[in-house]
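What follows is final.txt (compact mmCIF, C-alpha atoms).
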```
# COMPACT_ATOMS: atom_id res chain seq x y z
CA MET A 25 -43.51 14.25 -120.76
CA GLU A 26 -41.76 17.13 -122.48
CA LYS A 27 -37.97 17.38 -122.53
CA THR A 28 -35.84 20.52 -122.66
CA LEU A 29 -32.17 21.45 -122.82
CA VAL A 30 -30.38 23.52 -120.21
CA ILE A 31 -26.73 24.49 -120.60
CA LEU A 32 -24.86 25.57 -117.49
CA LYS A 33 -22.56 28.18 -118.99
CA PRO A 34 -18.85 28.64 -118.21
CA CYS A 35 -19.67 31.48 -115.80
CA THR A 36 -21.76 29.04 -113.76
CA LEU A 37 -18.85 26.64 -113.43
CA GLN A 38 -16.37 29.44 -112.69
CA ARG A 39 -18.59 30.83 -109.94
CA GLY A 40 -19.30 27.46 -108.32
CA LEU A 41 -23.06 27.62 -108.94
CA ILE A 42 -23.55 24.19 -110.54
CA GLY A 43 -25.26 22.66 -107.50
CA GLU A 44 -27.36 25.76 -106.86
CA VAL A 45 -28.78 25.77 -110.38
CA ILE A 46 -29.36 22.03 -110.65
CA SER A 47 -30.97 22.05 -107.21
CA ARG A 48 -33.56 24.59 -108.34
CA PHE A 49 -34.72 22.37 -111.19
CA GLU A 50 -34.82 19.34 -108.90
CA LYS A 51 -36.75 21.21 -106.20
CA LYS A 52 -39.26 22.41 -108.79
CA GLY A 53 -40.06 18.79 -109.61
CA LEU A 54 -38.35 18.35 -112.96
CA LYS A 55 -36.82 14.96 -113.72
CA LEU A 56 -33.19 14.81 -114.86
CA ALA A 57 -33.03 12.68 -118.01
CA GLY A 58 -29.42 13.37 -119.00
CA ILE A 59 -26.35 15.31 -117.90
CA LYS A 60 -22.75 15.60 -119.06
CA MET A 61 -19.80 17.94 -119.18
CA THR A 62 -18.57 18.88 -122.63
CA TRP A 63 -16.31 21.38 -124.32
CA LEU A 64 -18.18 23.28 -127.03
CA THR A 65 -16.44 23.33 -130.40
CA ASP A 66 -16.58 26.16 -132.90
CA LYS A 67 -18.70 23.95 -135.17
CA VAL A 68 -21.28 23.28 -132.44
CA LEU A 69 -21.35 26.94 -131.38
CA ASN A 70 -21.88 28.04 -135.00
CA GLU A 71 -24.86 25.67 -135.25
CA HIS A 72 -26.28 26.48 -131.83
CA TYR A 73 -26.04 30.25 -132.21
CA ALA A 74 -26.64 30.47 -135.98
CA HIS A 75 -29.61 32.77 -135.34
CA LEU A 76 -27.18 35.29 -133.80
CA SER A 77 -24.43 35.05 -136.42
CA ASP A 78 -25.14 38.54 -137.81
CA LYS A 79 -24.96 40.21 -134.38
CA PRO A 80 -21.87 42.22 -133.41
CA PHE A 81 -21.44 40.17 -130.22
CA PHE A 82 -21.46 36.76 -131.98
CA GLN A 83 -17.70 36.10 -131.76
CA ARG A 84 -17.56 37.38 -128.17
CA LEU A 85 -20.39 34.97 -127.27
CA LYS A 86 -18.64 32.04 -128.93
CA ASN A 87 -15.39 32.90 -127.14
CA ALA A 88 -17.15 33.05 -123.77
CA MET A 89 -18.95 29.75 -124.33
CA SER A 90 -15.75 27.89 -125.21
CA ILE A 91 -13.36 29.22 -122.57
CA ILE A 92 -13.97 26.18 -120.33
CA PRO A 93 -16.36 23.20 -120.52
CA VAL A 94 -20.10 23.52 -119.97
CA ILE A 95 -22.63 21.16 -118.45
CA VAL A 96 -25.55 20.15 -120.64
CA CYS A 97 -28.70 18.80 -119.00
CA CYS A 98 -31.96 17.37 -120.21
CA TRP A 99 -34.87 18.10 -117.88
CA GLU A 100 -38.24 16.44 -118.27
CA GLY A 101 -41.73 17.29 -117.07
CA ILE A 102 -45.14 18.55 -118.08
CA ASP A 103 -44.59 21.84 -119.97
CA ALA A 104 -40.87 21.54 -119.21
CA VAL A 105 -39.81 24.18 -121.77
CA ARG A 106 -42.19 26.81 -120.41
CA VAL A 107 -41.43 25.95 -116.78
CA VAL A 108 -37.66 26.11 -117.28
CA ARG A 109 -37.89 29.39 -119.21
CA ALA A 110 -39.95 30.93 -116.40
CA MET A 111 -37.42 29.72 -113.85
CA THR A 112 -34.45 31.15 -115.75
CA GLY A 113 -35.88 34.65 -116.17
CA ALA A 114 -35.10 37.40 -118.67
CA THR A 115 -31.96 36.97 -120.81
CA ASN A 116 -30.30 40.04 -119.32
CA GLY A 117 -29.71 39.26 -115.66
CA ARG A 118 -30.13 42.94 -114.75
CA ASN A 119 -33.70 42.73 -116.04
CA ALA A 120 -34.54 39.31 -114.64
CA ALA A 121 -36.95 39.16 -111.74
CA PRO A 122 -35.62 38.28 -108.29
CA GLY A 123 -36.33 34.63 -107.59
CA THR A 124 -35.39 33.55 -111.10
CA ILE A 125 -32.01 31.95 -111.73
CA ARG A 126 -30.72 34.91 -113.73
CA GLY A 127 -32.38 37.39 -111.41
CA ASP A 128 -30.59 35.90 -108.42
CA TYR A 129 -27.19 35.11 -109.97
CA SER A 130 -26.58 37.29 -113.05
CA MET A 131 -25.74 40.90 -113.87
CA SER A 132 -25.14 40.31 -117.58
CA SER A 133 -26.88 39.51 -120.85
CA GLN A 134 -24.04 37.18 -121.84
CA GLU A 135 -22.75 35.81 -118.53
CA ASN A 136 -26.30 34.87 -117.61
CA ILE A 137 -25.77 31.44 -116.02
CA VAL A 138 -27.84 29.22 -118.32
CA HIS A 139 -29.11 28.64 -121.82
CA ALA A 140 -32.62 27.19 -121.96
CA SER A 141 -34.49 25.97 -125.03
CA ASP A 142 -37.19 28.42 -126.13
CA SER A 143 -39.71 26.00 -127.65
CA PRO A 144 -40.46 22.27 -127.71
CA GLU A 145 -39.36 22.19 -131.36
CA ASN A 146 -36.02 23.86 -130.61
CA ALA A 147 -35.58 21.69 -127.52
CA ALA A 148 -35.73 18.57 -129.71
CA ILE A 149 -33.16 20.03 -132.13
CA GLU A 150 -30.87 21.17 -129.33
CA LEU A 151 -31.09 17.91 -127.39
CA ALA A 152 -30.11 16.01 -130.55
CA ARG A 153 -27.16 18.40 -130.98
CA PHE A 154 -25.77 17.78 -127.51
CA PHE A 155 -26.80 14.21 -126.65
CA LYS A 156 -26.09 11.05 -128.63
CA ASP A 157 -28.37 8.03 -128.74
CA GLY A 158 -28.29 6.31 -125.37
CA GLU A 159 -27.31 9.43 -123.40
CA LEU A 160 -30.87 10.37 -122.41
CA PHE A 161 -32.58 8.06 -119.96
CA ASP A 162 -36.18 7.04 -119.45
CA TYR A 163 -36.61 5.53 -116.01
CA THR A 164 -39.23 5.10 -113.34
CA TRP A 165 -39.08 8.23 -111.22
CA LEU A 166 -40.55 7.52 -107.82
CA GLN A 167 -41.31 11.20 -107.17
CA THR A 168 -43.85 11.43 -110.01
CA ALA A 169 -46.79 10.75 -107.68
CA CYS A 170 -45.57 13.52 -105.34
CA VAL A 171 -45.05 16.06 -108.13
CA TYR A 172 -48.17 15.55 -110.26
CA ALA A 173 -51.79 14.67 -109.61
CA ASN A 174 -52.63 11.17 -110.84
CA ASP A 175 -54.65 12.54 -113.77
CA GLU A 176 -51.93 14.96 -114.97
CA CYS A 177 -49.59 12.37 -116.49
```
Translate this structure into structure tokens?
Amino acid sequence: MEKTLVILKPCTLQRGLIGEVISRFEKKGLKLAGIKMTWLTDKVLNEHYAHLSDKPFFQRLKNAMSIIPVIVCCWEGIDAVRVVRAMTGATNGRNAAPGTIRGDYSMSSQENIVHASDSPENAAIELARFFKDGELFDYTWLQTACVYANDEC
């Protein structure tokens, strides 16, 4: 099964949407493999958003992501990265389709509820950045037979 990172951003916590967002992933049939609250440091934000470091909004983004703690989650499932990205919608909430997380809860390109890994390769890098050994769990998930056909996994 593929694993992916989802970060519930400070705006999600401030707006009381934690349960709403997590519930969507659960209802879809993704398995929660890890979750914790953490405060993002400047060092971690510089690593995580290095690809945006030359953008004029870089410091504003870092400030917004460190104003209060975030919740980092590891979700697992077949094609988890693609599934989660489809569920989150376009980066700018104003452009995100209704029914997606950002389409239903966001009006911003920055305050857009979640970060989601964009590839399996980046998911592995990001999960290693946010979770230490022993913080991701592999367990028998009784719902597997209700979520997937027996020849899918």
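The space between atom CA of Ala147 of chain A and atom CA of Ala114 of chain A spans 18.0 Å.
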Which one is closest to Ala74 of chain A: A:Phe154, A:Thr124, A:Arg118, A:Lys86? Count only C-alpha atoms. A:Lys86
Please provide as number ranges by chain all residues within 10 Å of segment 30-35 of chain A, with the sequence filter that same-chain residues fewer than 4 positions apart are discarded (counting all atoms listed in the file). A: 39-42, 45-46, 59-61, 63, 88-99, 105, 108-109, 112, 130, 134-141, 147, 150-151, 154
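Nearest to Asn119 of chain A of all the residues A:Ser77, A:Gln83, A:Ser133, A:Thr28 is A:Ser133, based on all atoms listed in the file.
A straight line drawn from atom CA of His72 of chain A to atom CA of Leu29 of chain A is 11.9 Å long.
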